[in-house]
file model_11.txt (compact mmCIF, C-alpha atoms)
# COMPACT_ATOMS: atom_id res chain seq x y z
CA MET A 1 20.47 -10.82 -6.61
CA LYS A 2 21.80 -9.19 -9.70
CA SER A 3 22.37 -12.58 -11.32
CA ILE A 4 18.66 -13.42 -11.11
CA ASN A 5 17.20 -14.12 -14.50
CA VAL A 6 14.87 -11.18 -14.98
CA ASN A 7 12.86 -12.76 -17.76
CA LYS A 8 12.07 -15.75 -15.60
CA CYS A 9 10.92 -13.45 -12.81
CA VAL A 10 8.63 -11.53 -15.13
CA LEU A 11 7.25 -14.79 -16.46
CA PHE A 12 6.70 -15.98 -12.92
CA VAL A 13 4.73 -12.89 -11.95
CA LEU A 14 2.66 -12.96 -15.12
CA SER A 15 1.86 -16.64 -14.50
CA ILE A 16 0.67 -15.84 -11.01
CA MET A 17 -1.47 -13.01 -12.35
CA MET A 18 -3.08 -15.34 -14.86
CA PHE A 19 -3.67 -17.86 -12.09
CA SER A 20 -5.20 -15.09 -10.00
CA GLN A 21 -7.62 -14.24 -12.79
CA LEU A 22 -8.67 -17.89 -13.05
CA MET A 23 -9.28 -17.99 -9.33
CA ALA A 24 -11.35 -14.84 -9.52
CA GLU A 25 -13.63 -16.40 -12.08
CA ASP A 26 -14.62 -18.97 -9.53
CA GLY A 27 -16.13 -16.18 -7.51
CA LYS A 28 -16.12 -15.12 -3.91
CA GLU A 29 -17.10 -18.52 -2.60
CA LEU A 30 -13.48 -19.61 -2.91
CA GLU A 31 -12.37 -17.19 -0.23
CA HIS A 32 -11.44 -18.90 2.99
CA GLY A 33 -12.14 -17.12 6.21
CA LEU A 34 -14.71 -15.75 8.58
CA PHE A 35 -16.70 -12.78 7.32
CA LEU A 36 -19.16 -10.39 8.93
CA SER A 37 -21.78 -8.20 7.40
CA PRO A 38 -21.85 -5.47 8.56
CA GLU A 39 -18.36 -5.17 10.02
CA ASN A 40 -19.06 -1.90 11.88
CA CYS A 41 -21.84 -0.45 14.00
CA PHE A 42 -22.30 3.24 14.75
CA LEU A 43 -24.04 4.41 17.89
CA LEU A 44 -26.49 7.24 17.46
CA ASN A 45 -26.33 10.33 19.67
CA ASP A 46 -28.09 8.99 22.76
CA SER A 47 -27.71 5.26 22.19
CA GLN A 48 -25.62 3.14 24.49
CA LYS A 49 -25.96 -0.10 22.60
CA CYS A 50 -25.80 -1.32 19.05
CA ASP A 51 -28.84 -3.40 18.18
CA LEU A 52 -28.32 -5.15 14.91
CA ASN A 53 -28.71 -8.28 12.86
CA ILE A 54 -25.34 -9.50 11.76
CA LYS A 55 -24.62 -12.13 9.13
CA VAL A 56 -21.66 -14.36 9.97
CA ARG A 57 -20.31 -16.40 7.05
CA TRP A 58 -17.38 -18.81 6.99
CA HIS A 59 -15.65 -20.88 4.36
CA LEU A 60 -12.97 -23.56 4.75
CA ASP A 61 -10.94 -25.49 2.19
CA LYS A 62 -12.32 -28.86 3.38
CA LYS A 63 -15.23 -30.25 5.33
CA SER A 64 -14.71 -29.93 9.07
CA ASN A 65 -16.41 -29.91 12.43
CA VAL A 66 -16.31 -26.33 13.66
CA CYS A 67 -17.97 -24.05 16.20
CA LEU A 68 -18.55 -20.31 16.27
CA TYR A 69 -17.72 -18.35 19.45
CA LYS A 70 -17.70 -14.71 20.45
CA ASN A 71 -15.47 -12.80 22.86
CA GLN A 72 -13.61 -15.95 23.89
CA GLU A 73 -16.69 -17.26 25.69
CA ILE A 74 -16.69 -20.90 26.68
CA VAL A 75 -20.14 -21.57 25.27
CA HIS A 76 -20.38 -21.66 21.50
CA ILE A 77 -22.99 -19.83 19.45
CA GLN A 78 -23.43 -22.65 16.96
CA CYS A 79 -21.58 -25.72 15.72
CA TRP A 80 -21.52 -27.35 12.29
CA LYS A 81 -20.61 -30.92 11.49
CA ASP A 82 -18.81 -32.05 8.34
CA GLN A 83 -19.30 -28.78 6.46
CA SER A 84 -16.96 -26.56 4.46
CA ASN A 85 -19.09 -23.39 4.58
CA ALA A 86 -22.13 -21.96 6.27
CA SER A 87 -23.70 -18.72 7.39
CA ILE A 88 -25.86 -17.60 10.25
CA VAL A 89 -27.76 -14.42 11.09
CA LEU A 90 -27.54 -13.30 14.71
CA PHE A 91 -29.26 -10.53 16.60
CA LEU A 92 -26.84 -8.63 18.81
CA SER A 93 -27.27 -5.90 21.38
CA VAL A 94 -23.76 -4.82 22.32
CA GLU A 95 -21.85 -1.86 23.74
CA LYS A 96 -18.30 -2.87 22.86
CA ASP A 97 -16.41 -4.54 20.02
CA VAL A 98 -17.24 -8.19 19.51
CA LEU A 99 -14.68 -10.71 18.38
CA PHE A 100 -16.04 -13.72 16.53
CA GLU A 101 -13.96 -16.89 16.36
CA LEU A 102 -14.30 -20.03 14.31
CA ARG A 103 -12.70 -22.96 16.13
CA SER A 104 -12.22 -26.56 15.14
CA VAL A 105 -14.03 -29.03 17.38
CA SER A 106 -11.01 -31.31 17.54
CA GLY A 107 -8.39 -29.51 19.63
CA GLY A 108 -10.26 -26.24 19.81
CA LYS A 109 -7.79 -24.49 17.52
CA THR A 110 -8.89 -21.03 16.36
CA LEU A 111 -9.16 -21.12 12.58
CA PHE A 112 -10.32 -17.56 11.87
CA THR A 113 -11.31 -14.45 13.75
CA ALA A 114 -13.37 -11.43 12.69
CA PRO A 115 -14.12 -8.32 14.77
CA LEU A 116 -17.36 -6.33 14.84
CA LYS A 117 -16.30 -2.75 15.58
CA ILE A 118 -18.53 -0.44 17.61
CA TYR A 119 -18.01 3.28 17.05
CA LYS A 120 -19.39 5.96 19.33
CA GLU A 121 -20.36 9.41 18.19
CA VAL A 122 -17.11 10.99 19.31
CA SER A 123 -15.07 8.83 16.98
CA LYS A 124 -16.05 10.08 13.57
CA LEU A 125 -14.96 7.92 10.71
CA ARG A 126 -13.79 8.52 7.21
CA ARG A 127 -12.45 6.27 4.51
CA LYS A 128 -8.75 5.73 4.29
CA ARG A 129 -6.93 6.98 1.25
CA ARG A 130 -6.83 4.41 -1.53
CA ASN A 131 -3.24 4.20 -2.66
CA PRO A 132 -2.57 1.14 -4.85
CA TRP A 133 0.56 2.76 -6.31
CA SER A 134 2.20 2.25 -2.94
CA PHE A 135 3.76 -1.08 -2.06
CA TYR A 136 1.40 -1.34 0.94
CA MET B 1 -5.21 24.93 -8.91
CA LEU B 2 -8.03 27.49 -8.74
CA SER B 3 -9.92 25.79 -11.49
CA VAL B 4 -10.18 22.68 -9.37
CA PHE B 5 -11.80 24.58 -6.52
CA MET B 6 -14.20 26.13 -9.01
CA PHE B 7 -15.06 22.67 -10.27
CA PHE B 8 -15.59 21.50 -6.70
CA PRO B 9 -16.93 24.68 -5.04
CA HIS B 10 -17.76 22.74 -1.89
CA VAL B 11 -16.19 19.72 -0.38
CA ILE B 12 -18.50 16.88 -1.29
CA GLN B 13 -18.58 13.88 0.93
CA ALA B 14 -21.02 11.07 1.20
CA SER B 15 -22.09 10.15 4.72
CA ASP B 16 -19.05 8.71 6.49
CA GLU B 17 -21.15 6.10 8.22
CA GLU B 18 -22.75 5.15 4.93
CA LEU B 19 -19.37 4.65 3.28
CA CYS B 20 -17.87 2.87 6.22
CA GLU B 21 -20.71 0.44 6.77
CA GLU B 22 -19.96 -1.14 3.41
CA GLN B 23 -18.36 -4.47 3.87
CA GLY B 24 -14.67 -4.40 3.14
CA SER B 25 -14.27 -0.66 3.05
CA GLN B 26 -11.30 0.52 5.04
CA CYS B 27 -12.14 3.27 7.47
CA VAL B 28 -10.20 5.17 10.05
CA GLU B 29 -11.13 7.31 13.02
CA THR B 30 -10.57 11.01 12.46
CA ARG B 31 -8.50 13.36 14.64
CA GLN B 32 -6.37 10.54 15.88
CA TRP B 33 -2.81 9.45 15.14
CA ASN B 34 -2.33 5.87 13.98
CA PHE B 35 0.97 4.06 14.27
CA GLY B 36 2.07 0.78 12.78
CA LEU B 37 5.15 -1.31 12.34
CA SER B 38 5.95 -4.12 9.94
CA VAL B 39 8.55 -6.63 11.02
CA GLY B 40 9.79 -9.22 8.59
CA LEU B 41 12.32 -10.20 6.01
CA GLY B 42 12.66 -8.53 2.66
CA ILE B 43 15.07 -7.20 0.13
CA ARG B 44 15.11 -4.74 -2.70
CA SER B 45 17.61 -5.13 -5.48
CA ASN B 46 19.79 -2.10 -6.02
CA PRO B 47 20.41 -1.06 -9.61
CA LEU B 48 23.20 1.33 -8.64
CA PHE B 49 26.80 0.77 -9.49
CA GLU B 50 28.88 -0.46 -6.53
CA SER B 51 25.83 -0.59 -4.27
CA SER B 52 24.41 -3.26 -2.04
CA ASP B 53 20.87 -4.58 -2.13
CA ILE B 54 18.59 -3.00 0.46
CA PRO B 55 17.44 -5.12 3.39
CA LEU B 56 13.86 -4.55 4.53
CA ILE B 57 13.41 -5.63 8.12
CA ILE B 58 11.48 -3.06 10.17
CA LEU B 59 9.17 -0.64 8.40
CA PRO B 60 7.47 1.95 10.63
CA GLU B 61 4.38 3.84 9.50
CA PHE B 62 2.07 6.53 10.84
CA SER B 63 -1.01 8.40 9.71
CA TYR B 64 -3.41 11.09 10.82
CA TYR B 65 -6.82 11.83 9.30
CA GLY B 66 -8.83 14.97 9.79
CA GLU B 67 -12.20 15.35 8.08
CA GLN B 68 -10.51 16.29 4.81
CA PHE B 69 -6.84 16.69 5.72
CA PHE B 70 -4.59 13.64 6.10
CA ILE B 71 -1.00 12.60 6.66
CA GLU B 72 0.25 9.18 5.60
CA ASN B 73 3.92 8.78 6.40
CA LEU B 74 5.60 11.39 4.21
CA ASP B 75 2.49 12.13 2.14
CA ILE B 76 0.26 15.07 3.09
CA GLY B 77 -3.13 15.47 1.45
CA TYR B 78 -6.46 17.21 1.41
CA THR B 79 -9.56 15.40 0.16
CA LEU B 80 -11.60 17.55 -2.20
CA PHE B 81 -14.10 14.85 -3.11
CA ASP B 82 -14.91 11.45 -1.70
CA SER B 83 -17.75 9.14 -2.64
CA ALA B 84 -18.42 5.45 -2.41
CA ASN B 85 -16.23 4.66 -5.39
CA ARG B 86 -14.05 7.64 -6.19
CA SER B 87 -11.97 10.28 -4.53
CA PHE B 88 -9.97 13.30 -5.52
CA ASN B 89 -7.15 14.64 -3.35
CA LEU B 90 -4.66 17.45 -3.33
CA ILE B 91 -1.41 15.78 -2.43
CA ALA B 92 2.18 16.56 -1.48
CA THR B 93 4.61 13.66 -1.61
CA PRO B 94 8.38 13.22 -1.71
CA SER B 95 9.96 12.45 -5.05
CA TYR B 96 11.79 9.64 -3.20
CA ASP B 97 14.58 9.62 -5.76
CA ARG B 98 16.89 11.27 -3.27
CA VAL B 99 16.87 8.32 -0.85
CA PHE B 100 19.25 6.80 -3.33
CA PHE B 101 21.85 9.43 -2.61
CA ASN B 102 21.46 9.82 1.14
CA ARG B 103 21.46 6.92 3.52
CA TRP B 104 19.58 8.91 6.22
CA ASP B 105 16.94 10.42 3.99
CA PRO B 106 13.47 10.19 5.66
CA GLY B 107 12.38 8.02 2.77
CA ASN B 108 14.89 5.41 3.90
CA LEU B 109 13.37 5.31 7.37
CA LEU B 110 9.71 5.41 6.32
CA VAL B 111 9.98 3.15 3.35
CA ASP B 112 7.26 3.68 0.82
CA LEU B 113 8.59 0.82 -1.16
CA SER B 114 6.83 1.39 -4.41
CA SER B 115 8.21 4.86 -4.54
CA LEU B 116 11.74 3.58 -4.43
CA SER B 117 11.21 2.77 -8.02
CA SER B 118 14.67 3.38 -9.26
CA GLU B 119 16.79 3.98 -6.32
CA GLY B 120 18.59 2.11 -3.64
CA GLN B 121 20.98 2.71 -0.87
CA ILE B 122 24.54 3.74 -1.31
CA SER B 123 26.95 1.04 -0.35
CA ILE B 124 28.74 1.52 2.93
CA ASP B 125 31.85 0.51 1.05
CA ASN B 126 33.00 3.79 -0.41
CA SER B 127 36.00 2.43 -2.24
CA ILE B 128 36.51 4.13 -5.57
CA THR B 129 36.48 1.77 -8.48
CA ASP B 130 38.72 1.96 -11.49
CA ASN B 131 35.87 1.07 -13.83
CA SER B 132 36.17 3.29 -16.86
CA THR B 133 32.52 3.55 -17.82
CA HIS B 134 30.57 3.52 -14.56
CA ILE B 135 30.57 6.21 -11.92
CA ASP B 136 30.25 5.68 -8.20
CA PRO B 137 27.29 7.79 -6.96
CA ASN B 138 29.47 8.91 -4.07
CA GLU B 139 31.62 10.82 -6.51
CA LEU B 140 28.73 13.05 -7.53
CA SER B 141 27.44 16.19 -5.89
CA ASN B 142 24.45 15.99 -3.53
CA ARG B 143 20.96 15.51 -4.88
CA ASP B 144 18.57 17.57 -2.75
CA PHE B 145 15.38 16.39 -1.09
CA SER B 146 12.31 17.53 -3.04
CA TYR B 147 8.57 17.45 -2.58
CA LEU B 148 6.06 16.99 -5.37
CA GLY B 149 2.59 18.49 -5.24
CA GLY B 150 -0.46 17.88 -7.36
CA PHE B 151 -3.68 15.97 -7.75
CA GLU B 152 -4.53 12.38 -7.05
CA PHE B 153 -7.59 10.66 -8.44
CA SER B 154 -8.74 7.18 -7.53
CA GLN B 155 -11.66 5.16 -8.78
CA GLU B 156 -12.91 1.93 -7.29
CA PHE B 157 -14.68 -0.83 -9.17
CA GLU B 158 -16.20 -4.04 -7.87
CA HIS B 159 -12.93 -5.97 -7.66
CA SER B 160 -10.37 -3.41 -8.74
CA GLN B 161 -9.23 0.17 -8.41
CA ILE B 162 -7.16 2.67 -10.33
CA GLN B 163 -5.12 5.58 -9.09
CA LEU B 164 -3.61 8.45 -11.04
CA SER B 165 -1.40 11.16 -9.58
CA ILE B 166 -0.13 14.16 -11.51
CA LEU B 167 2.67 15.87 -9.63
CA GLN B 168 5.13 18.71 -9.96
CA ASP B 169 8.13 19.81 -7.92
CA ILE B 170 6.96 22.36 -5.35
CA THR B 171 10.32 22.89 -3.67
CA GLY B 172 12.13 24.47 -6.61
CA VAL B 173 14.82 21.79 -6.61
CA HIS B 174 14.54 20.51 -10.17
CA SER B 175 11.17 21.81 -11.49
CA GLY B 176 10.38 18.25 -12.55
CA LYS B 177 7.04 16.52 -13.07
CA GLU B 178 5.95 12.99 -12.25
CA ILE B 179 2.92 10.86 -13.09
CA ARG B 180 2.07 7.81 -11.00
CA PHE B 181 -0.49 5.26 -12.11
CA ALA B 182 -1.65 1.95 -10.67
CA TYR B 183 -4.36 -0.58 -11.48
CA ALA B 184 -4.97 -3.05 -8.67
CA TYR B 185 -7.12 -6.14 -9.00
CA SER B 186 -8.30 -7.91 -5.86
CA VAL B 187 -8.62 -11.60 -6.58
CA ASN B 188 -10.17 -12.08 -3.16
CA HIS B 189 -9.85 -10.61 0.34
CA HIS B 190 -6.25 -11.81 0.52
CA LEU B 191 -4.68 -11.73 -2.93
CA LYS B 192 -4.09 -8.62 -5.01
CA THR B 193 -2.28 -8.03 -8.29
CA THR B 194 -1.17 -4.57 -9.41
CA LEU B 195 0.10 -3.08 -12.66
CA GLY B 196 1.38 0.47 -12.81
CA PHE B 197 4.03 2.92 -13.81
CA THR B 198 5.93 6.00 -12.74
CA TRP B 199 6.69 8.56 -15.42
CA LYS B 200 9.30 11.21 -14.68
CA ASP B 201 9.92 14.14 -16.95
CA LYS B 202 13.33 15.14 -18.29
CA ASN B 203 14.06 17.61 -15.48
CA LEU B 204 13.37 15.13 -12.71
CA THR B 205 15.07 12.16 -14.36
CA ASP B 206 18.13 14.17 -15.31
CA TYR B 207 18.45 15.83 -11.91
CA TYR B 208 18.82 12.50 -10.15
CA TYR B 209 20.33 10.23 -12.80
CA GLY B 210 22.19 12.58 -15.11
CA VAL B 211 25.87 13.37 -14.64
CA ASP B 212 26.93 16.97 -15.21
CA GLU B 213 30.26 18.05 -16.59
CA ASN B 214 31.30 19.69 -13.34
CA GLU B 215 30.66 16.49 -11.37
CA ILE B 216 33.44 14.38 -12.81
CA VAL B 217 37.10 15.16 -12.97
CA ASP B 218 38.33 12.46 -15.34
CA ASP B 219 37.60 11.46 -18.92
CA ARG B 220 34.33 9.64 -18.27
CA GLY B 221 31.52 11.27 -20.18
CA VAL B 222 28.67 13.38 -18.93
CA TYR B 223 25.21 11.87 -19.11
CA GLN B 224 22.00 13.72 -19.83
CA ALA B 225 18.81 11.79 -19.17
CA ASP B 226 15.50 12.38 -20.90
CA ALA B 227 12.01 11.64 -19.57
CA SER B 228 11.59 8.10 -18.24
CA PHE B 229 8.72 5.60 -18.10
CA ASN B 230 9.07 2.89 -15.45
CA PRO B 231 6.34 0.20 -15.43
CA PHE B 232 5.91 -2.25 -12.56
CA VAL B 233 3.98 -5.37 -11.71
CA ARG B 234 3.25 -6.51 -8.16
CA ILE B 235 1.53 -9.38 -6.45
CA SER B 236 0.67 -9.23 -2.77
CA PHE B 237 -0.95 -11.53 -0.28
CA ASN B 238 -2.41 -10.35 3.05
CA THR B 239 -3.97 -12.50 5.72
CA GLN B 240 -7.15 -11.45 7.46
CA THR B 241 -6.54 -8.89 10.21
CA ASP B 242 -6.97 -10.10 13.75
CA GLU B 243 -8.83 -8.27 16.53
CA SER B 244 -5.90 -5.86 17.00
CA GLY B 245 -5.67 -5.03 13.32
CA ASN B 246 -2.46 -7.05 12.83
CA ASN B 247 -1.88 -9.25 9.82
CA TRP B 248 0.75 -11.07 7.77
CA ARG B 249 1.76 -9.82 4.35
CA LEU B 250 3.81 -11.06 1.48
CA SER B 251 4.61 -8.98 -1.60
CA PHE B 252 6.74 -9.20 -4.69
CA GLU B 253 7.30 -6.35 -7.14
CA TYR B 254 9.25 -6.09 -10.35
CA GLN B 255 9.94 -2.68 -11.86
CA LYS B 256 11.51 -2.20 -15.27
CA LEU B 257 13.62 0.92 -15.45
CA ASP B 258 13.50 3.06 -18.54
CA GLN B 259 16.65 3.12 -20.65
CA GLN B 260 17.00 6.80 -19.82
CA ILE B 261 17.73 5.73 -16.24
CA SER B 262 19.40 2.37 -16.78
CA GLN B 263 21.89 3.80 -19.26
CA SER B 264 23.13 6.31 -16.71
CA PRO B 265 26.75 5.57 -15.75
CA ILE B 266 25.73 5.37 -12.10
CA LEU B 267 23.44 2.38 -12.77
CA VAL B 268 24.26 -1.20 -13.63
CA ASP B 269 20.80 -2.81 -13.72
CA ASP B 270 17.65 -1.99 -15.66
CA TYR B 271 15.23 -3.33 -13.08
CA VAL B 272 14.37 -3.20 -9.41
CA MET B 273 12.92 -6.21 -7.63
CA THR B 274 11.38 -6.05 -4.19
CA PHE B 275 10.29 -8.85 -1.94
CA TYR B 276 8.87 -8.54 1.55
CA ALA B 277 7.28 -11.02 3.94
CA GLY B 278 6.40 -9.99 7.45
CA LYS B 279 3.81 -9.15 10.05
CA ARG B 280 2.23 -5.74 10.34
CA PHE B 281 1.35 -4.51 13.82
CA GLN B 282 -1.14 -1.72 14.37
CA PHE B 283 -0.81 0.48 17.47
CA LYS B 284 -3.16 3.11 18.82
call {"tool": "encode", "arguments": {"input": "model_11.txt", "output": "structure tokens"}}
result
Amino acid sequence: MKSINVNKCVLFVLSIMMFSQLMAEDGKELEHGLFLSPENCFLLNDSQKCDLNIKVRWHLDKKSNVCLYKNQEIVHIQCWKDQSNASIVLFLSVEKDVLFELRSVSGGKTLFTAPLKIYKEVSKLRRKRRNPWSFY
Amino acid sequence: MLSVFMFFPHVIQASDEELCEEQGSQCVETRQWNFGLSVGLGIRSNPLFESSDIPLIILPEFSYYGEQFFIENLDIGYTLFDSANRSFNLIATPSYDRVFFNRWDPGNLLVDLSSLSSEGQISIDNSITDNSTHIDPNELSNRDFSYLGGFEFSQEFEHSQIQLSILQDITGVHSGKEIRFAYAYSVNHHLKTTLGFTWKDKNLTDYYYGVDENEIVDDRGVYQADASFNPFVRISFNTQTDESGNNWRLSFEYQKLDQQISQSPILVDDYVMTFYAGKRFQFK
């Protein structure tokens, strides 16, 4: 480890940072994954269910045939053919967390998952400490 | 300290739900302990003389959040102000420098890796070397565990955030001061780059990396360290968390040690490199 060329390592990291900046310029659309908006729902005092419109957005690195599922149900919510990205707005009325899954049509492999979290009144939330100085 | 409370006469907090409904914001349930564990492969180079690199395999973590109070591993804090894009905390945190001198220091078990900026783990091999310029850390007297207390400010921008902590020894061990700064840029949901530094004043740097006259019995010279400035650069990649909150992570960090530290006779390198790749598990 001690024989590692330090200058080369620094150069390597700086190169990656420059590459990162270039990627950022291409905007959020480059992000691959399954994204929800909102990601959380908060039940009011006497409510038992969360009634909300949720936007589900996905983005893949190549065109594919995929389907969207929730809570490991057999029946899909919607499928897309030969697309690399799409979004859908769904109305939900739910009591518990919902797990969305994007699966490939061929083989049924799960490509991405995204949870919608339901919080009841008793579980008050606050933001976590932002600590970029830390390694994690 | 009092002036801060005068500046913030009341704890100011935006609606928790409001803040937490924002996409991407990281929230946590209050009055509940959170436990996690990272399992993977990693290593941190050790700049110490006659010392082995540090393996990073299992990294436990825990946290507890009250409405303002919080514990994050060895850090204890109190949030004075929190809004959508900035927060201001009172904080108590270990100096971490002592983990270098004690294999069983809590900081070695709850590894806050970035804080191990200039330290490592003493080699199990305690053989005394005949090197005439370097000094085996095992030959020196104990460096005591110390806690730093102070203020921590963080500001969030659209794709980036900064953090500044101004700290002072609150345990009367060395009366040292430390400033921690980081600028993190999120390229996307997965990739983040960070630049930062840790500044340690003369008292703190010298306490851990200086060599006093009464610590050596031969003709090797004493070493008095001055204040040190240790910049670092880091790149980290995290996958999307699954339904249980688990995810994969990969990080690389390079920290350049100030000459005031690297010229100490107990050090042989002027840098610390850290690499870690593993999976983080979240328990409740």
call {"tool": "residues_around", "arguments": {"input": "model_11.txt", "residues": "region 89-97 of chain A", "least_positions_apart": "2", "cutoff": "7 Å", "atoms": "only C-alpha atoms", "output": "PyMOL selection string"}}
result
chain A and resi 48-56+87+99+115-118
call {"tool": "write_last_selection", "arguments": {"input": "model_11.txt", "atoms": "C-alpha atoms", "output": "mmCIF file, keeping the file's coordinate frame"}}
result
data_model
loop_
_atom_site.group_PDB
_atom_site.id
_atom_site.type_symbol
_atom_site.label_atom_id
_atom_site.label_comp_id
_atom_site.auth_asym_id
_atom_site.auth_seq_id
_atom_site.Cartn_x
_atom_site.Cartn_y
_atom_site.Cartn_z
ATOM 1 C CA GLN A 48 -25.620 3.140 24.490
ATOM 2 C CA LYS A 49 -25.960 -0.100 22.600
ATOM 3 C CA CYS A 50 -25.800 -1.320 19.050
ATOM 4 C CA ASP A 51 -28.840 -3.400 18.180
ATOM 5 C CA LEU A 52 -28.320 -5.150 14.910
ATOM 6 C CA ASN A 53 -28.710 -8.280 12.860
ATOM 7 C CA ILE A 54 -25.340 -9.500 11.760
ATOM 8 C CA LYS A 55 -24.620 -12.130 9.130
ATOM 9 C CA VAL A 56 -21.660 -14.360 9.970
ATOM 10 C CA SER A 87 -23.700 -18.720 7.390
ATOM 11 C CA LEU A 99 -14.680 -10.710 18.380
ATOM 12 C CA PRO A 115 -14.120 -8.320 14.770
ATOM 13 C CA LEU A 116 -17.360 -6.330 14.840
ATOM 14 C CA LYS A 117 -16.300 -2.750 15.580
ATOM 15 C CA ILE A 118 -18.530 -0.440 17.610
#
call {"tool": "atom_distance", "arguments": {"input": "model_11.txt", "atom1": "CA of Ser228 (chain B)", "atom2": "CA of Ser175 (chain B)"}}
result
15.3 Å
call {"tool": "residues_around", "arguments": {"input": "model_11.txt", "residues": "region 248-255 of chain B", "least_positions_apart": "5", "cutoff": "7 Å", "atoms": "only C-alpha atoms", "output": "list in words"}}
result
Ser117, Asn230, Pro231, Phe232, Val233, Arg234, Ile235, Ser236, Phe237, Asn238, Thr239, Tyr271, Val272, Met273, Thr274, Phe275, Tyr276, Ala277, Gly278, Lys279 and Arg280 of chain B
call {"tool": "residues_around", "arguments": {"input": "model_11.txt", "residues": "region 212-216 of chain B", "least_positions_apart": "5", "cutoff": "12 Å", "atoms": "only C-alpha atoms", "output": "JSON, numbers by chain"}}
result
{"B": [133, 134, 135, 136, 137, 138, 139, 140, 141, 142, 143, 206, 207, 221, 222, 223, 224, 225, 264, 265, 266]}
call {"tool": "atom_distance", "arguments": {"input": "model_11.txt", "atom1": "CA of Asn247 (chain B)", "atom2": "CA of Tyr185 (chain B)"}}
result
19.8 Å
call {"tool": "residues_around", "arguments": {"input": "model_11.txt", "residues": "Trp58 (chain A)", "least_positions_apart": "3", "cutoff": "8 Å", "atoms": "all atoms listed in the file", "output": "PyMOL selection string"}}
result
chain A and resi 32-35+85-87
call {"tool": "atom_distance", "arguments": {"input": "model_11.txt", "atom1": "CA of Leu48 (chain B)", "atom2": "CA of Tyr147 (chain B)"}}
result
22.6 Å
call {"tool": "closest_residue", "arguments": {"input": "model_11.txt", "among": "B:Asn85, B:Thr93, B:Asn34, B:Thr193", "to": "chain A", "atoms": "only C-alpha atoms"}}
result
B:Thr193
call {"tool": "closest_residue", "arguments": {"input": "model_11.txt", "among": "B:Ser160, B:Tyr96, B:Phe281, B:Glu152", "to": "Arg180 (chain B)", "atoms": "only C-alpha atoms"}}
result
B:Glu152
call {"tool": "residues_near_point", "arguments": {"input": "model_11.txt", "point": "(-1.1, 1.9, -5.6)", "cutoff": "10 Å", "atoms": "all atoms listed in the file", "output": "number ranges by chain"}}
result
A: 130-136; B: 114-115, 154, 161-164, 180-184, 194-197, 234
call {"tool": "closest_residue", "arguments": {"input": "model_11.txt", "among": "B:Leu191, B:Leu204, B:Leu267, B:Ile170", "to": "chain A", "atoms": "all atoms listed in the file"}}
result
B:Leu191
call {"tool": "closest_residue", "arguments": {"input": "model_11.txt", "among": "B:Leu41, B:Ile57, B:Val187, B:Val173", "to": "chain A", "atoms": "all atoms listed in the file"}}
result
B:Val187
call {"tool": "residues_around", "arguments": {"input": "model_11.txt", "residues": "region 61-71 of chain A", "least_positions_apart": "3", "cutoff": "6 Å", "atoms": "only C-alpha atoms", "output": "VMD selection string"}}
result
chain A and resid 76 to 84 98 to 105
call {"tool": "closest_residue", "arguments": {"input": "model_11.txt", "among": "B:Asp169, B:Asn188, B:Leu90, B:Ile261", "to": "chain A", "atoms": "all atoms listed in the file"}}
result
B:Asn188
call {"tool": "closest_residue", "arguments": {"input": "model_11.txt", "among": "A:Glu31, A:Ile88, A:Ser37, A:Phe42", "to": "Lys124 (chain A)", "atoms": "all atoms listed in the file"}}
result
A:Phe42
call {"tool": "axis_aligned_box", "arguments": {"input": "model_11.txt", "around": "region 110-128 of chain A", "padding_each_side": "4 Å", "output": "JSON"}}
result
{"center_x": -14.6, "center_y": -5.1, "center_z": 11.8, "size_x": 19.6, "size_y": 40.1, "size_z": 23.0}
